[in-house]
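To start, the structure under review is shown below, and the notes come after it.
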Amino acid sequence: MQKKGKFDCILLETTGLADPSAVASIFWVDAELGSDIYLDGIITVVDSKYGLKHLAEEKPDGLTNEATRQVALADIILINKTDLISEEELNKLRTAIRSINGLGQILETQRSKVDLSNILDLHAFDSLSGISFQKKLQYVPTVQPHLDQKEGKVYSKCLKNLLGEKNVRNKDDHCMEAIWLKGLVSLRDKPQQMTVQGVHKLYDLEETPVSWKDDTERTSPLVLIGRNSDKDILKQLFIASVTETEKQQTAHFKENQICL
């Protein structure tokens, strides 16, 4: 970082067995580093010939294999060496990738040749990420209302339980593991859209430069990629937390009435 102005971007190539979340989290926990540079995005290259084999690999104790984790965390997924497999095999690989990561952009390449404009300036983790994320969510149905400031704190508490504490279980009593999450949050009386994103145990809530339009329904959708997920239980968790907050607010109001 002492060579400011000497480069346009930094590309970090990890090993094939690396967990990208460990690198991504650095930019959230190291304030000094994060003030000079920002994380633009995560790119995963999938080998067409052996991709399905790697994604289907089973790890001991039910752990998520490295290939699946790398695909789940990716903002851009490059399916490379497409000339080595048939169209049918390629369709199966596309389907497998989409079943893991439904929001990441897929680019198909040979010899990893790709236009740099497609993999740089992604802004996948800063305040501008809310703009592209909103476009990706336009076909995702949601009925979540916007939250007030106190409910926003409850939102954060739920994420802490899910990501950090990992004490949320599904119907089969398996612990839910969130590998990646991203969402838009609408706070009552706040015109700007908020983005929430998390990798592994860390999450961040940030205000975007985008304001909600007056004629737009304000919702708070959340997309989560992980293991042992149960949509109904997650929905009940957030609703129950908000309901409990409303009860506490009502009880506090009644106490004040009695005191007066």
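Residue numbers start at 1 in each chain; chains themselves are named A, B, ... in the order of the structure tokens; ligands are numbered from 1 in the order shown.
Using only C-alpha atoms, the protein and nucleic acid residues lying no more than 9 Å from range 47-61 of chain A, apart from those fewer than 2 places from it along its own chain, are Val45, Leu63, Thr64, Asn65, Glu66, Ala67, Thr68, Val71, Leu78, Ile79, Asn80, Lys81, Thr82, Asp83, Leu84, Ile85, Glu89, Leu90, Lys92, Leu93, Ala96 and Ile97 of chain A.
Those residues in range 19-77 of chain A carrying a DSSP assignment of strand (DSSP E or B), computed from the backbone, are Ile43, Thr44, Val45, Val46, Asp47, Ile76 and Ile77 of chain A.
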Take the residues just selected and output them with C-alpha atoms as an mmCIF file, in the first residue's frame.
data_model
loop_
_atom_site.group_PDB
_atom_site.id
_atom_site.type_symbol
_atom_site.label_atom_id
_atom_site.label_comp_id
_atom_site.auth_asym_id
_atom_site.auth_seq_id
_atom_site.Cartn_x
_atom_site.Cartn_y
_atom_site.Cartn_z
ATOM 1 C CA ILE A 43 -14.325 -15.115 -8.678
ATOM 2 C CA THR A 44 -14.361 -18.914 -8.814
ATOM 3 C CA VAL A 45 -13.066 -20.936 -11.770
ATOM 4 C CA VAL A 46 -14.771 -24.295 -12.295
ATOM 5 C CA ASP A 47 -13.076 -26.972 -14.394
ATOM 6 C CA ILE A 76 -18.568 -14.505 -10.757
ATOM 7 C CA ILE A 77 -18.293 -18.186 -11.731
#
Range 68-124 of chain A near range 2-17 of chain A within 10 Å: what's each residue's closest atom pair and its distance in Å to one decimal, counting only C-alpha atoms, ordered by chain then ascending residue number, as a tab-separated table?
residue	atom	partner	partner_atom	distance
A:Arg69	CA	A:Leu17	CA	9.9
A:Gln70	CA	A:Leu17	CA	8.9
A:Leu120	CA	A:Cys9	CA	8.6
A:Asp121	CA	A:Cys9	CA	9.3
Quick one: residues within 9 Å of Trp180 in chain A, only C-alpha atoms, excluding same-chain residues fewer than 5 positions away - as a PDB file with N, CA, C and O atoms, in the first residue's frame?
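The file below, out33.pdb, is the result:
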ATOM      1  N   SER A  21     -13.757 -17.165   2.174  1.00  0.00           N
ATOM      2  CA  SER A  21     -14.315 -16.347   3.250  1.00  0.00           C
ATOM      3  C   SER A  21     -13.233 -15.850   4.201  1.00  0.00           C
ATOM      4  O   SER A  21     -13.356 -14.779   4.794  1.00  0.00           O
ATOM      5  N   ALA A  72     -20.284 -21.315  -3.798  1.00  0.00           N
ATOM      6  CA  ALA A  72     -21.301 -20.616  -3.003  1.00  0.00           C
ATOM      7  C   ALA A  72     -20.913 -19.169  -2.732  1.00  0.00           C
ATOM      8  O   ALA A  72     -21.769 -18.285  -2.687  1.00  0.00           O
ATOM      9  N   LEU A  73     -19.633 -18.912  -2.546  1.00  0.00           N
ATOM     10  CA  LEU A  73     -19.170 -17.572  -2.189  1.00  0.00           C
ATOM     11  C   LEU A  73     -18.914 -16.679  -3.393  1.00  0.00           C
ATOM     12  O   LEU A  73     -18.663 -15.484  -3.248  1.00  0.00           O
ATOM     13  N   GLN A 197     -24.742  -8.024   4.348  1.00  0.00           N
ATOM     14  CA  GLN A 197     -24.038  -9.128   3.724  1.00  0.00           C
ATOM     15  C   GLN A 197     -23.152  -9.800   4.756  1.00  0.00           C
ATOM     16  O   GLN A 197     -22.671  -9.164   5.688  1.00  0.00           O
ATOM     17  N   GLY A 198     -22.998 -11.087   4.584  1.00  0.00           N
ATOM     18  CA  GLY A 198     -22.206 -11.841   5.546  1.00  0.00           C
ATOM     19  C   GLY A 198     -21.436 -12.957   4.877  1.00  0.00           C
ATOM     20  O   GLY A 198     -21.886 -13.536   3.881  1.00  0.00           O
ATOM     21  N   VAL A 199     -20.275 -13.236   5.402  1.00  0.00           N
ATOM     22  CA  VAL A 199     -19.440 -14.347   4.964  1.00  0.00           C
ATOM     23  C   VAL A 199     -18.970 -15.068   6.206  1.00  0.00           C
ATOM     24  O   VAL A 199     -18.302 -14.478   7.058  1.00  0.00           O
ATOM     25  N   HIS A 200     -19.360 -16.330   6.307  1.00  0.00           N
ATOM     26  CA  HIS A 200     -18.990 -17.122   7.482  1.00  0.00           C
ATOM     27  C   HIS A 200     -19.580 -16.505   8.749  1.00  0.00           C
ATOM     28  O   HIS A 200     -20.774 -16.326   8.850  1.00  0.00           O
ATOM     29  N   VAL A 223     -31.150 -13.281   0.895  1.00  0.00           N
ATOM     30  CA  VAL A 223     -30.735 -14.485   0.179  1.00  0.00           C
ATOM     31  C   VAL A 223     -29.617 -15.143   0.962  1.00  0.00           C
ATOM     32  O   VAL A 223     -28.634 -14.496   1.317  1.00  0.00           O
ATOM     33  N   LEU A 224     -29.773 -16.420   1.247  1.00  0.00           N
ATOM     34  CA  LEU A 224     -28.816 -17.149   2.078  1.00  0.00           C
ATOM     35  C   LEU A 224     -28.379 -18.419   1.368  1.00  0.00           C
ATOM     36  O   LEU A 224     -29.209 -19.151   0.835  1.00  0.00           O
ATOM     37  N   ILE A 225     -27.083 -18.674   1.363  1.00  0.00           N
ATOM     38  CA  ILE A 225     -26.527 -19.904   0.816  1.00  0.00           C
ATOM     39  C   ILE A 225     -25.828 -20.651   1.948  1.00  0.00           C
ATOM     40  O   ILE A 225     -25.015 -20.074   2.664  1.00  0.00           O
ATOM     41  N   GLY A 226     -26.173 -21.922   2.113  1.00  0.00           N
ATOM     42  CA  GLY A 226     -25.564 -22.675   3.206  1.00  0.00           C
ATOM     43  C   GLY A 226     -25.988 -24.124   3.207  1.00  0.00           C
ATOM     44  O   GLY A 226     -26.451 -24.656   2.195  1.00  0.00           O
TER      45      GLY A 226
END
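Using only C-alpha atoms, the shortest contact distance between Asn118 in chain A and any of A:Ile106, A:Ala240, A:Leu39, A:Val210 is found at A:Ile106.
When CA of Cys158 in chain A is paired with CA of Thr208 in chain A, their separation reads 21.6 Å.
Minimum atom-to-atom distances from A:Lys182, A:Pro20, A:Arg218, A:Lys190 to Asp204 in chain A were compared using only C-alpha atoms, and the lowest value belongs to A:Lys182.
Our summary of the geometry notes that CA of Val114 in chain A is positioned 15.0 Å from CA of Asp75 in chain A.
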Query raised in the report: What separation in Å, quoted to one decimal, exists between CA of Leu184 in chain A and CA of Ser220 in chain A?
Result: 5.2 Å
Query raised in the report: DSSP says helix (DSSP H, G or I) for which residues of range 68-131 of chain A? Put them as a PyMOL selection string?
Result: chain A and resi 68-73+82-84+87-100+116-118+129-131
